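**Q** Below is the file work.txt, which contains compact mmCIF, C-alpha atoms and all ligand atoms.
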# COMPACT_ATOMS: atom_id res chain seq x y z
CA MET A 1 214.08 4.13 -10.22
CA LYS A 2 212.18 2.95 -7.17
CA GLU A 3 208.92 1.10 -7.63
CA LYS A 4 206.95 3.77 -5.71
CA TYR A 5 207.87 7.22 -4.35
CA ASN A 6 206.25 8.66 -1.22
CA VAL A 7 205.24 12.25 -1.82
CA GLY A 8 203.80 15.18 0.10
CA ILE A 9 201.46 17.93 -1.10
CA ILE A 10 202.31 21.31 0.45
CA GLY A 11 199.27 23.58 0.09
CA ALA A 12 197.02 20.52 -0.16
CA THR A 13 193.88 22.42 0.89
CA GLY A 14 194.11 24.97 -1.96
CA MET A 15 192.84 24.89 -5.53
CA VAL A 16 196.05 23.50 -7.03
CA GLY A 17 196.67 21.26 -4.00
CA GLN A 18 193.26 19.65 -4.51
CA ARG A 19 194.13 18.98 -8.16
CA PHE A 20 197.33 17.28 -6.99
CA ALA A 21 195.28 15.10 -4.65
CA ILE A 22 193.02 13.99 -7.52
CA LEU A 23 195.87 13.45 -10.00
CA LEU A 24 197.99 11.50 -7.55
CA GLU A 25 195.20 9.33 -6.12
CA ASN A 26 195.95 6.39 -8.41
CA HIS A 27 199.33 7.44 -9.78
CA PRO A 28 201.45 4.47 -10.90
CA TRP A 29 204.72 5.87 -9.46
CA PHE A 30 203.73 8.29 -6.67
CA ASN A 31 201.97 7.62 -3.38
CA VAL A 32 200.68 10.57 -1.30
CA THR A 33 201.70 10.05 2.32
CA VAL A 34 201.72 13.66 3.59
CA LEU A 35 199.28 16.57 3.20
CA ALA A 36 200.34 19.96 4.57
CA ALA A 37 198.97 23.50 4.63
CA SER A 38 198.99 26.53 6.95
CA SER A 39 198.80 26.37 10.75
CA ARG A 40 195.06 27.11 10.30
CA SER A 41 194.58 23.66 8.79
CA ALA A 42 197.26 21.73 10.70
CA GLY A 43 196.00 19.04 13.09
CA LYS A 44 192.64 18.68 11.30
CA THR A 45 191.71 15.84 8.96
CA TYR A 46 192.00 16.78 5.28
CA LYS A 47 188.21 16.66 5.03
CA GLU A 48 187.75 19.02 7.99
CA ALA A 49 190.49 21.38 6.85
CA VAL A 50 189.06 21.73 3.34
CA GLY A 51 185.48 21.98 4.61
CA GLU A 52 183.31 23.85 2.11
CA ARG A 53 186.32 24.67 -0.09
CA TRP A 54 186.37 21.44 -2.15
CA PHE A 55 186.43 22.89 -5.69
CA MET A 56 186.90 19.75 -7.76
CA ASP A 57 184.07 18.15 -9.72
CA VAL A 58 184.99 14.69 -8.43
CA PRO A 59 184.92 13.75 -4.74
CA MET A 60 187.94 14.03 -2.42
CA PRO A 61 189.99 10.81 -2.60
CA LYS A 62 188.70 8.49 0.16
CA SER A 63 192.26 7.47 1.03
CA MET A 64 193.08 11.11 1.95
CA GLU A 65 189.89 12.21 3.74
CA ASN A 66 191.12 11.22 7.20
CA MET A 67 194.80 12.03 6.80
CA ILE A 68 195.88 14.61 9.41
CA VAL A 69 197.11 17.80 7.74
CA LYS A 70 200.63 18.84 8.78
CA ASP A 71 201.94 22.36 9.26
CA ALA A 72 203.93 23.13 6.10
CA ASP A 73 206.47 25.25 7.97
CA ALA A 74 206.63 23.97 11.56
CA ASP A 75 206.72 20.27 10.50
CA ILE A 76 209.32 20.58 7.73
CA ASN A 77 211.86 18.18 9.21
CA GLU A 78 209.26 15.52 9.94
CA ILE A 79 207.77 15.88 6.44
CA ALA A 80 211.14 15.98 4.67
CA SER A 81 212.33 12.82 6.38
CA SER A 82 209.18 10.85 5.58
CA VAL A 83 208.75 11.54 1.85
CA ASP A 84 210.89 11.27 -1.30
CA PHE A 85 209.85 14.72 -2.52
CA VAL A 86 207.02 17.28 -2.28
CA PHE A 87 204.74 19.17 -4.63
CA CYS A 88 204.27 22.75 -3.48
CA ALA A 89 201.45 25.21 -4.30
CA VAL A 90 200.95 27.75 -1.53
CA ASN A 91 199.44 31.18 -1.30
CA MET A 92 201.96 33.23 0.68
CA LYS A 93 204.21 36.23 0.15
CA LYS A 94 206.92 35.63 -2.46
CA ASP A 95 209.85 35.91 -0.03
CA GLU A 96 208.11 33.52 2.40
CA ILE A 97 207.56 30.96 -0.37
CA LYS A 98 211.18 31.28 -1.51
CA ALA A 99 212.37 30.68 2.07
CA LEU A 100 209.94 27.76 2.58
CA GLU A 101 210.97 25.98 -0.64
CA GLU A 102 214.66 26.43 0.17
CA LYS A 103 214.11 24.99 3.66
CA TYR A 104 212.62 21.84 2.10
CA ALA A 105 215.44 21.58 -0.43
CA LYS A 106 218.06 22.05 2.32
CA ALA A 107 216.32 19.33 4.36
CA GLU A 108 217.20 17.08 1.34
CA CYS A 109 213.60 17.02 0.11
CA PRO A 110 213.24 17.94 -3.60
CA VAL A 111 210.48 20.46 -4.32
CA MET A 112 208.28 20.41 -7.44
CA SER A 113 206.93 23.92 -7.30
CA ASN A 114 203.89 25.62 -8.80
CA ASN A 115 204.81 28.94 -7.22
CA SER A 116 206.52 31.82 -8.99
CA ALA A 117 208.95 32.72 -6.16
CA ASN A 118 211.95 30.73 -7.46
CA ARG A 119 211.28 31.00 -11.21
CA GLY A 120 213.82 33.74 -11.81
CA VAL A 121 216.75 31.93 -10.14
CA PRO A 122 219.23 30.90 -12.89
CA ASP A 123 220.08 27.48 -11.37
CA VAL A 124 216.42 26.59 -10.76
CA PRO A 125 215.07 24.85 -13.86
CA MET A 126 211.66 26.04 -15.12
CA ILE A 127 210.50 23.01 -17.02
CA ILE A 128 207.81 22.43 -19.61
CA PRO A 129 208.74 18.76 -20.08
CA GLU A 130 208.07 18.62 -23.84
CA VAL A 131 210.07 21.80 -24.46
CA ASN A 132 213.14 22.08 -22.22
CA ALA A 133 213.69 18.79 -20.39
CA ASP A 134 217.46 19.37 -20.82
CA HIS A 135 217.34 22.28 -18.32
CA ALA A 136 217.22 19.69 -15.52
CA ALA A 137 221.01 19.60 -15.83
CA VAL A 138 221.31 22.84 -13.78
CA ILE A 139 220.09 20.96 -10.70
CA GLU A 140 223.71 19.94 -10.08
CA THR A 141 224.77 23.61 -9.85
CA GLN A 142 221.85 24.36 -7.56
CA ARG A 143 222.71 21.47 -5.25
CA LYS A 144 226.24 22.86 -4.93
CA ARG A 145 224.88 26.32 -4.07
CA LEU A 146 222.46 24.90 -1.49
CA GLY A 147 225.00 22.42 -0.13
CA THR A 148 222.67 19.47 -0.65
CA LYS A 149 223.03 15.92 -1.94
CA ARG A 150 219.42 15.26 -2.99
CA GLY A 151 217.52 18.46 -2.27
CA PHE A 152 216.69 20.95 -5.03
CA ILE A 153 213.84 23.07 -6.36
CA SER A 154 212.36 22.66 -9.82
CA VAL A 155 209.55 24.93 -10.96
CA LYS A 156 206.93 24.95 -13.62
CA SER A 157 206.20 28.10 -15.56
CA ASN A 158 203.17 30.34 -15.23
CA CYS A 159 199.88 28.92 -16.52
CA SER A 160 199.38 31.85 -18.94
CA ILE A 161 202.28 30.79 -21.23
CA GLN A 162 201.49 27.08 -21.40
CA SER A 163 199.53 27.28 -24.62
CA TYR A 164 201.64 29.66 -26.72
CA VAL A 165 205.13 28.60 -25.63
CA PRO A 166 204.49 24.96 -26.67
CA ALA A 167 203.01 26.15 -30.00
CA LEU A 168 205.91 28.53 -30.71
CA SER A 169 208.78 26.34 -29.46
CA PRO A 170 209.13 24.08 -32.53
CA LEU A 171 208.93 27.18 -34.76
CA ARG A 172 211.98 28.86 -33.19
CA LYS A 173 214.22 27.40 -35.89
CA PHE A 174 212.65 29.93 -38.29
CA GLY A 175 213.96 32.78 -36.12
CA ILE A 176 210.95 34.18 -34.26
CA THR A 177 211.53 37.92 -33.88
CA ASP A 178 208.27 39.26 -32.40
CA VAL A 179 205.32 37.81 -30.52
CA LEU A 180 202.13 39.52 -29.41
CA ALA A 181 199.88 37.42 -27.20
CA CYS A 182 196.55 38.30 -25.60
CA THR A 183 195.46 35.78 -23.00
CA TYR A 184 191.91 35.09 -21.87
CA GLN A 185 192.31 33.44 -18.49
CA ALA A 186 189.93 31.30 -16.46
CA ILE A 187 188.92 32.20 -12.91
CA SER A 188 190.36 28.97 -11.45
CA GLY A 189 193.74 30.54 -12.21
CA ALA A 190 193.03 32.85 -9.28
CA GLY A 191 192.03 29.89 -7.10
CA LYS A 192 188.35 30.92 -7.53
CA THR A 193 185.00 29.55 -8.71
CA PHE A 194 181.86 31.47 -9.78
CA LYS A 195 180.50 30.75 -6.29
CA THR A 196 183.49 32.37 -4.58
CA TRP A 197 183.89 35.13 -7.21
CA PRO A 198 180.33 36.11 -8.28
CA GLU A 199 181.59 39.42 -9.75
CA MET A 200 183.10 37.39 -12.59
CA VAL A 201 179.73 36.18 -13.90
CA ASP A 202 179.02 38.02 -17.21
CA ASN A 203 182.16 40.10 -16.69
CA ILE A 204 185.74 40.65 -17.87
CA ILE A 205 188.45 42.16 -15.68
CA PRO A 206 191.33 43.59 -17.72
CA PHE A 207 194.01 43.13 -15.05
CA ILE A 208 195.75 40.14 -13.46
CA GLY A 209 198.48 41.29 -11.07
CA GLY A 210 201.99 40.50 -12.35
CA GLU A 211 200.69 38.29 -15.15
CA GLU A 212 201.84 40.32 -18.16
CA GLU A 213 205.39 40.58 -16.82
CA LYS A 214 205.51 36.80 -16.25
CA SER A 215 203.98 36.11 -19.65
CA GLU A 216 206.63 38.21 -21.39
CA LYS A 217 209.66 37.11 -19.34
CA GLU A 218 209.16 33.43 -18.60
CA PRO A 219 209.24 32.18 -22.23
CA LEU A 220 212.77 33.58 -22.50
CA LYS A 221 213.91 31.41 -19.60
CA VAL A 222 212.18 28.32 -21.02
CA TRP A 223 213.97 29.03 -24.33
CA GLY A 224 217.27 29.81 -22.58
CA GLU A 225 220.55 27.92 -22.91
CA ILE A 226 222.71 26.36 -20.23
CA LYS A 227 226.04 28.15 -19.90
CA ASP A 228 228.50 27.47 -17.06
CA GLY A 229 225.88 25.35 -15.27
CA VAL A 230 223.11 27.97 -15.16
CA ILE A 231 220.31 29.02 -17.49
CA VAL A 232 220.98 32.13 -19.56
CA ASN A 233 217.71 33.53 -20.88
CA ALA A 234 217.13 33.77 -24.62
CA GLU A 235 217.40 37.34 -25.94
CA LYS A 236 214.77 36.92 -28.63
CA PRO A 237 211.94 37.13 -29.48
CA SER A 238 210.52 40.41 -28.27
CA ILE A 239 207.25 39.51 -26.53
CA THR A 240 204.34 41.76 -25.57
CA THR A 241 201.18 40.56 -23.85
CA GLN A 242 197.81 41.60 -22.46
CA CYS A 243 196.23 39.25 -19.91
CA LEU A 244 192.48 39.41 -19.26
CA ARG A 245 190.37 37.52 -16.72
CA VAL A 246 187.30 36.11 -18.48
CA PRO A 247 184.14 34.37 -17.19
CA VAL A 248 185.32 30.80 -17.77
CA SER A 249 185.78 28.21 -15.02
CA ASN A 250 188.84 26.39 -16.44
CA GLY A 251 191.02 26.79 -19.55
CA HIS A 252 193.31 29.65 -20.59
CA PHE A 253 193.01 30.83 -24.20
CA ALA A 254 195.59 32.91 -26.08
CA ALA A 255 195.36 34.88 -29.33
CA VAL A 256 198.88 34.99 -30.75
CA PHE A 257 200.59 37.05 -33.48
CA VAL A 258 204.07 36.06 -34.64
CA ARG A 259 206.79 37.37 -36.96
CA PHE A 260 209.76 35.34 -38.28
CA GLU A 261 213.18 36.03 -39.80
CA ASN A 262 212.57 33.17 -42.26
CA LYS A 263 208.84 32.86 -42.65
CA PRO A 264 207.68 29.22 -42.95
CA SER A 265 204.55 28.28 -44.93
CA MET A 266 201.31 27.50 -43.09
CA ASP A 267 201.54 23.88 -44.23
CA GLU A 268 205.06 23.62 -42.82
CA ILE A 269 203.87 25.00 -39.47
CA LYS A 270 200.92 22.59 -39.28
CA LYS A 271 203.18 19.64 -40.16
CA ILE A 272 205.69 20.65 -37.47
CA TRP A 273 202.94 20.92 -34.86
CA LYS A 274 201.54 17.52 -35.83
CA GLU A 275 204.93 15.81 -35.68
CA TYR A 276 206.22 17.54 -32.54
CA SER A 277 206.90 15.42 -29.48
CA GLY A 278 209.39 15.62 -26.64
CA GLU A 279 211.12 13.52 -23.99
CA PRO A 280 207.84 12.78 -22.10
CA GLN A 281 206.48 11.03 -25.20
CA ALA A 282 209.78 9.18 -25.82
CA LEU A 283 209.95 8.11 -22.17
CA LYS A 284 206.21 7.29 -22.14
CA LEU A 285 205.72 9.23 -18.89
CA PRO A 286 202.38 8.36 -17.25
CA SER A 287 200.97 11.93 -17.60
CA ALA A 288 202.35 12.68 -21.06
CA PRO A 289 199.76 13.27 -23.77
CA LYS A 290 200.27 11.05 -26.81
CA GLN A 291 199.69 14.01 -29.15
CA PHE A 292 201.04 17.18 -27.47
CA LEU A 293 200.03 19.81 -30.07
CA ASN A 294 196.64 19.38 -31.73
CA TYR A 295 195.66 21.59 -34.67
CA PHE A 296 191.97 22.04 -35.52
CA GLU A 297 191.08 23.03 -39.10
CA GLU A 298 187.52 24.19 -38.34
CA ASP A 299 187.20 27.99 -38.07
CA ASN A 300 185.30 27.81 -34.77
CA MET A 301 187.73 25.45 -33.02
CA PRO A 302 189.26 24.85 -30.54
CA GLN A 303 186.69 25.72 -27.90
CA THR A 304 187.20 25.84 -24.15
CA THR A 305 184.47 23.44 -23.11
CA LEU A 306 185.17 20.99 -25.94
CA HIS A 307 188.95 20.83 -25.78
CA ARG A 308 190.35 21.88 -22.40
CA ASN A 309 190.23 18.26 -21.18
CA LEU A 310 191.92 16.80 -24.26
CA GLU A 311 194.23 13.94 -23.16
CA ASN A 312 193.33 14.50 -19.50
CA GLY A 313 193.91 18.24 -19.84
CA MET A 314 197.58 17.76 -20.79
CA ALA A 315 197.36 18.40 -24.55
CA ILE A 316 197.51 21.83 -26.22
CA SER A 317 194.81 22.79 -28.74
CA ILE A 318 195.58 25.19 -31.60
CA GLY A 319 193.46 26.69 -34.36
CA ARG A 320 192.84 29.52 -36.84
CA LEU A 321 196.38 29.76 -38.21
CA ARG A 322 196.22 32.45 -40.91
CA PRO A 323 198.25 35.29 -42.40
CA ASP A 324 198.15 38.66 -40.66
CA THR A 325 198.43 42.16 -42.11
CA GLN A 326 201.02 43.35 -39.58
CA TYR A 327 202.70 40.15 -38.36
CA ASP A 328 203.41 37.07 -40.50
CA TYR A 329 200.74 34.88 -38.91
CA LYS A 330 198.15 34.76 -36.17
CA PHE A 331 196.54 31.79 -34.42
CA VAL A 332 194.72 30.86 -31.22
CA CYS A 333 195.64 28.24 -28.63
CA LEU A 334 194.20 26.73 -25.47
CA SER A 335 195.50 24.83 -22.45
CA HIS A 336 193.89 23.66 -19.21
CA ASN A 337 195.28 26.05 -16.60
CA THR A 338 195.06 23.87 -13.51
CA LEU A 339 196.00 20.62 -15.33
CA ARG A 340 198.70 21.31 -17.97
CA GLY A 341 199.17 24.81 -16.51
CA ALA A 342 199.54 23.83 -12.85
CA ALA A 343 199.22 20.49 -11.06
CA GLY A 344 199.32 18.25 -14.17
CA GLY A 345 202.40 20.07 -15.50
CA ALA A 346 204.13 19.66 -12.14
CA VAL A 347 203.28 15.95 -11.97
CA GLU A 348 204.66 15.47 -15.49
CA MET A 349 207.79 17.42 -14.48
CA ALA A 350 208.22 15.13 -11.45
CA GLU A 351 207.81 12.06 -13.67
CA LEU A 352 210.48 13.43 -16.01
CA LEU A 353 212.92 14.13 -13.15
CA CYS A 354 212.15 10.70 -11.72
CA ALA A 355 212.87 9.00 -15.06
CA LYS A 356 216.12 10.97 -15.32
CA GLY A 357 217.21 9.82 -11.84
CA TYR A 358 217.02 13.18 -10.00
CA LEU A 359 214.57 11.91 -7.37
CA ASP A 360 216.47 8.78 -6.25
N1 LIG A 401 195.18 28.22 -9.57
C1 LIG A 401 195.97 28.07 -10.63
O1 LIG A 401 195.54 27.78 -11.76
C2 LIG A 401 197.45 28.23 -10.49
C3 LIG A 401 198.21 27.96 -11.62
C4 LIG A 401 199.60 28.02 -11.51
C5 LIG A 401 200.17 28.37 -10.31
N2 LIG A 401 199.42 28.66 -9.23
C6 LIG A 401 200.13 29.00 -8.00
O2 LIG A 401 199.95 27.97 -7.05
C7 LIG A 401 199.95 28.51 -5.73
C8 LIG A 401 198.67 28.13 -5.02
O3 LIG A 401 197.55 28.61 -5.76
P1 LIG A 401 196.09 28.16 -5.41
O4 LIG A 401 195.23 28.73 -6.47
O5 LIG A 401 196.03 26.69 -5.14
O6 LIG A 401 195.87 28.95 -4.01
P2 LIG A 401 194.78 28.72 -2.88
O7 LIG A 401 193.62 27.98 -3.39
O8 LIG A 401 194.58 30.04 -2.24
O9 LIG A 401 195.54 27.73 -1.83
C9 LIG A 401 196.62 28.16 -1.09
C10 LIG A 401 197.23 27.07 -0.22
O10 LIG A 401 198.32 27.68 0.49
C11 LIG A 401 198.20 27.37 1.86
N3 LIG A 401 198.79 28.43 2.68
C12 LIG A 401 198.41 29.72 2.79
N4 LIG A 401 199.21 30.36 3.69
C13 LIG A 401 200.11 29.45 4.13
C14 LIG A 401 201.16 29.49 5.08
N5 LIG A 401 201.46 30.61 5.75
N6 LIG A 401 201.88 28.36 5.29
C15 LIG A 401 201.60 27.23 4.61
N7 LIG A 401 200.58 27.12 3.73
C16 LIG A 401 199.85 28.22 3.50
C17 LIG A 401 196.71 27.26 2.11
O11 LIG A 401 196.48 26.56 3.32
P3 LIG A 401 195.20 26.88 4.26
O12 LIG A 401 194.02 26.25 3.59
O13 LIG A 401 195.57 26.22 5.53
O14 LIG A 401 195.09 28.37 4.35
C18 LIG A 401 196.30 26.49 0.85
O15 LIG A 401 196.58 25.13 1.01
C19 LIG A 401 200.13 30.04 -5.90
O16 LIG A 401 201.50 30.34 -5.77
C20 LIG A 401 199.64 30.27 -7.32
O17 LIG A 401 200.25 31.40 -7.87
C21 LIG A 401 198.06 28.59 -9.28
Mind converting the file's structure to C-alpha cells?
Ligand SMILES: NC(=O)c1ccc[n+]([C@@H]2O[C@H](COP(=O)([O-])OP(=O)(O)OC[C@H]3O[C@@H](n4cnc5c(N)ncnc54)[C@H](OP(=O)(O)O)[C@@H]3O)[C@@H](O)[C@H]2O)c1
**A**
Amino acid sequence: MKEKYNVGIIGATGMVGQRFAILLENHPWFNVTVLAASSRSAGKTYKEAVGERWFMDVPMPKSMENMIVKDADADINEIASSVDFVFCAVNMKKDEIKALEEKYAKAECPVMSNNSANRGVPDVPMIIPEVNADHAAVIETQRKRLGTKRGFISVKSNCSIQSYVPALSPLRKFGITDVLACTYQAISGAGKTFKTWPEMVDNIIPFIGGEEEKSEKEPLKVWGEIKDGVIVNAEKPSITTQCLRVPVSNGHFAAVFVRFENKPSMDEIKKIWKEYSGEPQALKLPSAPKQFLNYFEEDNMPQTTLHRNLENGMAISIGRLRPDTQYDYKFVCLSHNTLRGAAGGAVEMAELLCAKGYLD
C-alpha cells in the first residue's frame, strides 16, 4: 500500500459528491486532488460551481473551495493520469454513465461507483464490504475483458437494501426462503432537501422509479457466488418489496418479514447480529464501524433522528424482532442513505480494495 492515494470525485457538485468531499477532507489514506462535474460546472471554482446547492450541514472543505472543477467527460485523460482512482456519483442517463465509467477504467483509472449503470454486469463486483468482500476477486476477469492492467469498475449497491441485506446476511445459513421488505426512504436519496422539494413536507409519495426492482434483484447479486471468474446471482430467497418516499431528510428505514427453512430462535438471531463482523472490522479500515449490526431492545427503537448517525452513519440499527403470523419473524432496520448507503459505503469499499492491493 502507498502512504497516500490521490483521488478524484466525479459528480463532485451533487448531493453524493458533496458527501464524498466531506468524508475525504481528512481521510488518512486518500487525498482529493481532482473535482469534476458536467461541462456546466467545468472551469469554475468548486465554490462557484456549487453555488446555492451546498446541501451538507457542515461547511465546504476550505481546501476544496478554490479547486477548479474539471469536465468529467472531456478531461478524462488528464484526470485519469493525475489520480490513483476516482469516486463517481453522477446524474446522467444509464448508458452514458456506463460509457463514462468504462472510459475511466480503460484509461487505467479504477472507478468506485455509486451509480446503478454497471451493477448488473457479472464481472463488476457490487460490494457491501462487511458482507461480500470476496467478490473483489472478479476484478481480474473484468480487467481481462476491458484489456486493462489497473483499471476496473467496482460498484456499491442501492441505498434501499443497505439496512436489510446486512441484517439478513448472517441469517442465510438458516435457509432464508422468503423476504418481504417495505422501505421508507429519505428525500436525500433523490438528491433533494425540503427546500428543493417542498411537496415532500407532510407528505408520502408511494413511488420511487426503479427502486423496487433494484431492491428485489440486488440482494441476489450481493449473495451470489463466484463461478468461472464471474458472479452468479443467488437463486433464493424470493424477495418482494414496496418502496415509499417519506418526509425525512436522511435515513432509510425498512420493515422486514422473513421466512426460513430452519427457523432459528429470536435469541439466536440477536446473538448472531451482535457477534457479526466482516473483513472491514478485521482489517480495521478507517471507515468501518466497530459494531456493524446494532440491535435495540426498546419497542420504540431504533429511530431515524437518534440512530442514523451511529458510528458516523456507517452502522446498521435493528429493532422490534418478533414472531409474525404469516412469516416466521418481522423486524425493522435503519441505515443512513447517503453515508452507509452512498458515499460512506463507497469510501469503505475503496479502503477495502486498497487494503487488498487492487488500487496499487
Ligand atoms: N442521493 C443518494 O442518497 C444516492 C444514494 C445512492 C446512489 N446515488 C446515485 O448517485 C448518483 C448521483 O446522485 P446525486 O443524488 O448526488 O445526484 P445530484 O445531486 O443530481 O448530482 C449529480 C452530479 O452529476 C453531475 N452531472 C450531471 N450531468 C453530467 C454530465 N453530463 N457529465 C458529468 N457530470 C454530470 C452533476 O454536475 P453539475 O452540477 O455540473 O450538473 C452533479 O455533480 C446517481 O446515480 C444516484 O442514483 C444517490
**Q** Go ahead and compute the interatomic distance for atom CA of A:Gly345 and atom CA of A:Lys195, in Å to one decimal.
**A**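 About the pair atom CA of A:Gly345 and atom CA of A:Lys195: they are 26.0 Å apart.
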**Q** Choose the residue, out of A:Lys44, A:Arg119, A:Arg145, A:Arg308, that has the smallest atom-to-atom separation from A:Lys214; count only C-alpha atoms.
**A**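 Distance minimum relative to A:Lys214 lands on A:Arg119.
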**Q** What is the distance between atom C21 of ligand LIG 401 (chain A) and atom CA of A:His252, in Å to one decimal?
**A** 12.3 Å
**Q** Using all atoms listed in the file, pick whichever of A:Tyr5, A:Phe174, A:Trp29, A:Tyr46 has the shortest atom-to-atom distance to ligand LIG 401 (chain A).
**A**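 Distance minimum relative to ligand LIG 401 (chain A) lands on A:Tyr46.
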**Q** Select from chain A every residue with an atom at most 6 Å from any atom of ligand LIG 401 (chain A), then for each give the shortest pair of atoms and their distance in Å to one decimal, using all atoms listed in the file, rows by chain and rising number, as CSV.
**A**
residue,atom,partner,partner_atom,distance
A:Gly11,CA,A:LIG401,O15,3.2
A:Ala12,CA,A:LIG401,O15,4.8
A:Thr13,CA,A:LIG401,O15,3.8
A:Gly14,CA,A:LIG401,O9,3.1
A:Met15,CA,A:LIG401,O5,3.7
A:Val16,CA,A:LIG401,O5,3.7
A:Gly17,CA,A:LIG401,O5,5.6
A:Ala37,CA,A:LIG401,N7,4.1
A:Ser38,CA,A:LIG401,C15,3.6
A:Arg40,CA,A:LIG401,O13,4.9
A:Ser41,CA,A:LIG401,O13,4.3
A:Ala72,CA,A:LIG401,C15,4.9
A:Ala89,CA,A:LIG401,C7,3.9
A:Val90,CA,A:LIG401,O10,3.3
A:Asn91,CA,A:LIG401,O10,4.1
A:Met92,CA,A:LIG401,N4,5.0
A:Asn114,CA,A:LIG401,C5,4.9
A:Asn115,CA,A:LIG401,O16,3.9
A:Asn158,CA,A:LIG401,C4,5.7
A:Cys159,CA,A:LIG401,C4,5.1
A:Ser188,CA,A:LIG401,N1,5.2
A:Gly189,CA,A:LIG401,O1,3.3
A:Ala190,CA,A:LIG401,N1,5.1
A:Gly191,CA,A:LIG401,O4,3.5
A:Asn337,CA,A:LIG401,O1,5.1
A:Thr338,CA,A:LIG401,O1,4.3
A:Gly341,CA,A:LIG401,C3,5.9
A:Ala342,CA,A:LIG401,C4,4.4
**Q** I'd like the contact shell of A:Leu283 - 10 Å cut-off, all atoms listed in the file, skipping same-chain residues fewer than 2 positions apart - returned as a PyMOL selection string.
**A** chain A and resi 278-281+285-286+288+351-352+355-356
**Q** Using all atoms listed in the file, which residue out of A:Glu268, A:Asp71, A:Asp57, A:Glu52 lies closest to A:Ile9?
**A** A:Asp71
**Q** Rounded to one decimal, what separation in Å do you get between atom CA of A:Asn233 and atom CA of A:Phe152?
**A**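 Going from atom CA of A:Asn233 over to atom CA of A:Phe152 covers 20.3 Å.
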**Q** Tell me which residues come within 12 Å of (184.5, 23.9, -1.7), as JSON, numbers by chain, counting only C-alpha atoms in the file's coordinates.
**A** {"A": [13, 14, 15, 18, 47, 48, 49, 50, 51, 52, 53, 54, 55, 56, 57, 58, 59, 60, 191, 192, 193, 194, 195, 196]}
**Q** Given the choices A:Cys243, A:Ile128, A:Leu353, A:Met200, which gets closest to A:Glu216 if the distance is worked out from all atoms listed in the file?
**A**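 Closest to A:Glu216, using all atoms listed in the file: A:Cys243.
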**Q** When distances are computed from only C-alpha atoms, which of A:Lys2, A:Lys330, A:Arg245, A:Lys274 shows the smallest separation from A:Ser317?
**A** A:Lys274
**Q** Using all atoms listed in the file, determine which residues lie at most 10 Å from A:Glu211, disregarding the query and same-chain residues fewer than 2 positions distant; provide the list as a short mmCIF file (atom, residue, chain, number, x, y, z; two decimals) with C-alpha atoms, in the frame of the given file.
**A**
data_model
loop_
_atom_site.label_atom_id
_atom_site.label_comp_id
_atom_site.auth_asym_id
_atom_site.auth_seq_id
_atom_site.Cartn_x
_atom_site.Cartn_y
_atom_site.Cartn_z
CA ASN A 158 203.17 30.34 -15.23
CA CYS A 159 199.88 28.92 -16.52
CA SER A 160 199.38 31.85 -18.94
CA ILE A 161 202.28 30.79 -21.23
CA THR A 183 195.46 35.78 -23.00
CA PHE A 207 194.01 43.13 -15.05
CA ILE A 208 195.75 40.14 -13.46
CA GLY A 209 198.48 41.29 -11.07
CA GLU A 213 205.39 40.58 -16.82
CA LYS A 214 205.51 36.80 -16.25
CA SER A 215 203.98 36.11 -19.65
CA GLU A 216 206.63 38.21 -21.39
CA LYS A 217 209.66 37.11 -19.34
CA THR A 241 201.18 40.56 -23.85
CA GLN A 242 197.81 41.60 -22.46
CA CYS A 243 196.23 39.25 -19.91
CA LEU A 244 192.48 39.41 -19.26
#
**Q** List as a ChimeraX atom specification: which residues have an atom within 12 Å of (220.2, 22.6, -12.9), counting only C-alpha atoms?
**A** /A:121-127,132-146,151-155,225-232,353,358
**Q** Using all atoms listed in the file, determine which residues lie at most 9 Å from A:Leu23, disregarding the query and same-chain residues fewer than 4 positions distant; provide the list as JSON, numbers by chain.
**A** {"A": [18, 19, 27, 339, 343, 344, 347]}
**Q** Choose the residue, out of A:Trp273, A:Tyr164, A:Phe85, A:Tyr329, that has the smallest atom-to-atom separation from A:Phe260; count only C-alpha atoms.
**A**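 For A:Phe260, the nearest of the candidates is A:Tyr329.
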